[in-house]
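Asks: So here's my_file_31.txt, just compact mmCIF, C-alpha atoms:
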```
# COMPACT_ATOMS: atom_id res chain seq x y z
CA THR Y 1 -24.45 -20.98 3.48
CA TYR Y 2 -22.99 -17.50 3.71
CA VAL Y 3 -23.55 -14.79 1.14
CA LEU Y 4 -21.14 -11.88 0.93
CA GLU Y 5 -22.64 -8.80 -0.62
CA CYS Y 6 -20.41 -5.92 -1.66
CA ASP Y 7 -20.18 -3.15 -4.22
CA VAL Y 8 -16.95 -4.30 -5.84
CA GLY Y 9 -16.47 -4.52 -9.59
CA PRO Y 10 -14.27 -7.19 -11.23
CA TRP Y 11 -11.35 -4.78 -11.73
CA GLU Y 12 -11.33 -3.93 -8.01
CA VAL Y 13 -11.25 -7.61 -7.02
CA ARG Y 14 -8.28 -8.17 -9.34
CA ASP Y 15 -6.45 -5.21 -7.80
CA TRP Y 16 -7.02 -6.47 -4.27
CA LEU Y 17 -5.82 -9.94 -5.22
CA GLU Y 18 -2.66 -8.36 -6.67
CA ILE Y 19 -2.00 -6.54 -3.40
CA GLY Y 20 -1.82 -9.72 -1.33
CA ALA Y 21 -0.06 -8.74 1.86
CA THR Y 22 2.11 -6.09 0.19
CA LEU Y 23 1.38 -2.38 -0.17
CA THR Y 24 3.55 -0.22 -2.43
CA VAL Y 25 4.72 3.38 -1.84
CA ASP Y 26 6.20 5.66 -4.50
CA ASP Y 27 7.02 9.31 -3.81
CA SER Y 28 6.39 10.16 -7.48
CA ALA Y 29 2.87 8.67 -7.44
CA SER Y 30 -0.30 10.70 -7.78
CA SER Y 31 -1.61 12.10 -4.51
CA ASP Y 32 -5.06 10.81 -5.41
CA ASP Y 33 -6.89 9.41 -2.36
CA ASP Y 34 -8.27 6.55 -4.48
CA GLN Y 35 -4.92 4.74 -4.81
CA LEU Y 36 -5.05 1.06 -3.83
CA GLY Y 37 -1.42 0.50 -2.88
CA THR Y 38 -0.81 -1.88 -5.79
CA SER Y 39 2.29 -1.73 -7.99
CA ALA Y 40 0.18 0.06 -10.61
CA GLU Y 41 -1.48 2.43 -8.10
CA PRO Y 42 1.01 2.95 -5.26
CA TYR Y 43 0.49 5.25 -2.30
CA LYS Y 44 2.44 8.51 -2.40
CA THR Y 45 3.37 8.60 1.29
CA ILE Y 46 4.47 6.05 3.84
CA GLY Y 47 1.81 7.40 6.20
CA ASP Y 48 -0.98 6.65 3.70
CA ALA Y 49 0.24 3.08 3.20
CA TYR Y 50 0.91 2.50 6.90
CA ALA Y 51 -2.64 3.55 7.78
CA LYS Y 52 -3.97 0.76 5.52
CA ILE Y 53 -1.46 -2.02 6.19
CA TRP Y 54 -2.14 -4.74 8.72
CA ASP Y 55 0.16 -6.37 11.24
CA GLY Y 56 2.42 -8.85 9.45
CA GLY Y 57 2.10 -7.13 6.06
CA ARG Y 58 4.85 -6.03 3.67
CA LEU Y 59 5.55 -2.43 2.74
CA ARG Y 60 7.38 -2.07 -0.59
CA ILE Y 61 9.07 1.33 -0.67
CA ARG Y 62 10.29 2.49 -4.07
CA ALA Y 63 13.44 4.58 -4.41
CA GLY Y 64 12.87 8.17 -3.42
CA SER Y 65 12.63 10.58 -0.52
CA TYR Y 66 9.99 10.26 2.19
CA PRO Y 67 10.31 13.21 4.61
CA GLY Y 68 8.78 13.34 8.06
CA ALA Y 69 8.89 11.16 11.15
CA HIS Y 70 7.92 7.52 10.68
CA LEU Y 71 7.02 5.43 13.73
CA PHE Y 72 6.30 1.78 12.98
CA THR Y 73 4.41 -0.03 15.73
CA LYS Y 74 3.06 -2.84 13.55
CA GLN Y 75 5.15 -5.89 12.73
CA LEU Y 76 5.94 -5.70 9.02
CA ASP Y 77 8.59 -6.29 6.42
CA LEU Y 78 10.09 -3.25 4.70
CA ILE Y 79 11.21 -3.96 1.15
CA GLY Y 80 13.26 -1.50 -0.88
CA GLU Y 81 12.71 -1.35 -4.63
CA ASN Y 82 14.69 0.28 -7.47
CA GLY Y 83 17.42 1.86 -5.34
CA SER Y 84 17.70 3.83 -2.11
CA ALA Y 85 14.75 5.17 -0.18
CA VAL Y 86 15.45 7.96 2.31
CA LEU Y 87 13.03 8.02 5.23
CA GLY Y 88 12.95 11.11 7.45
CA ASN Y 89 14.38 14.58 7.03
```
Give the structure from the file, written as structure tokens.
Replies:
Amino acid sequence: TYVLECDVGPWEVRDWLEIGATLTVDDSASSDDDQLGTSAEPYKTIGDAYAKIWDGGRLRIRAGSYPGAHLFTKQLDLIGENGSAVLGN
């Protein structure tokens, strides 16, 4: 028998189950560091989401502009949502 102990409330478990293997990015999102990457609490930058995503995950990028250099070394699916997303300068 294994017992997993953690400090996670029921709302946090629901949010993590919603994430699945997909993290969401929205350039109009809050820059709050407590975002979970869910559809309701997307990351603001691709860098923030990429730091949390695992190999084989999906990165949903909402329409918007995401300046800067983006180097992807993990295997993942990029999914556009709600129009065009411009990555880079």
Asks: Nearest to Gly83 in chain Y among Y:Ala51, Y:Ala29, Y:Thr22, Y:Ile61, with distances taken over only C-alpha atoms: which residue is it?
Replies: Y:Ile61
Asks: Using all atoms listed in the file, can you list as a PyMOL selection string the residues within 10 Å of (0.4, -3.6, 7.7)?
Replies: chain Y and resi 21-23+49-59+72-77
Asks: Can you measure CA of Tyr43 in chain Y to CA of Val86 in chain Y for me? One decimal in Å is fine.
Replies: 15.9 Å
Asks: So what do you get for CA of Leu71 in chain Y versus CA of Asp34 in chain Y, distance-wise?
Replies: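 Pair CA of Leu71 in chain Y / CA of Asp34 in chain Y returns 23.8 Å.
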Asks: Taking into account all atoms listed in the file, which residue in the set Y:Leu87, Y:Leu78, Y:Ala63, Y:Leu36 is nearest to Asp48 in chain Y?
Replies: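 Once distances to Asp48 in chain Y are computed over all atoms listed in the file, the minimum belongs to Y:Leu36.
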Asks: What separation in Å, quoted to one decimal, exists between CA of Lys44 in chain Y and CA of Thr24 in chain Y?
Replies: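 CA of Thr24 in chain Y lies 8.8 Å from CA of Lys44 in chain Y.
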Asks: Which residue is closest to Gly47 in chain Y? Choose from Y:Ile79, Y:Arg60, Y:Asn89, Y:Ala69 and count only C-alpha atoms.
Replies: Y:Ala69
Asks: Which polymer residues have any atom within 10 Å of an atom of Asp27 in chain Y, counting only C-alpha atoms, with same-chain residues fewer than 2 positions away left out, as JSON, numbers by chain?
Replies: {"Y": [25, 29, 30, 31, 42, 43, 44, 45, 46, 61, 62, 63, 64, 65, 66, 67, 85]}
Asks: Once 4 Å is added on each side, what are the centre and the three edge lengths, in Å to one decimal, of the axis-aligned box enclosing the listed atoms of range 72-87 of chain Y? Present them as lines of an AutoDock Vina configuration file.
Replies:
```
center_x = 10.4
center_y = 0.9
center_z = 4.1
size_x = 22.6
size_y = 22.3
size_z = 31.2
```
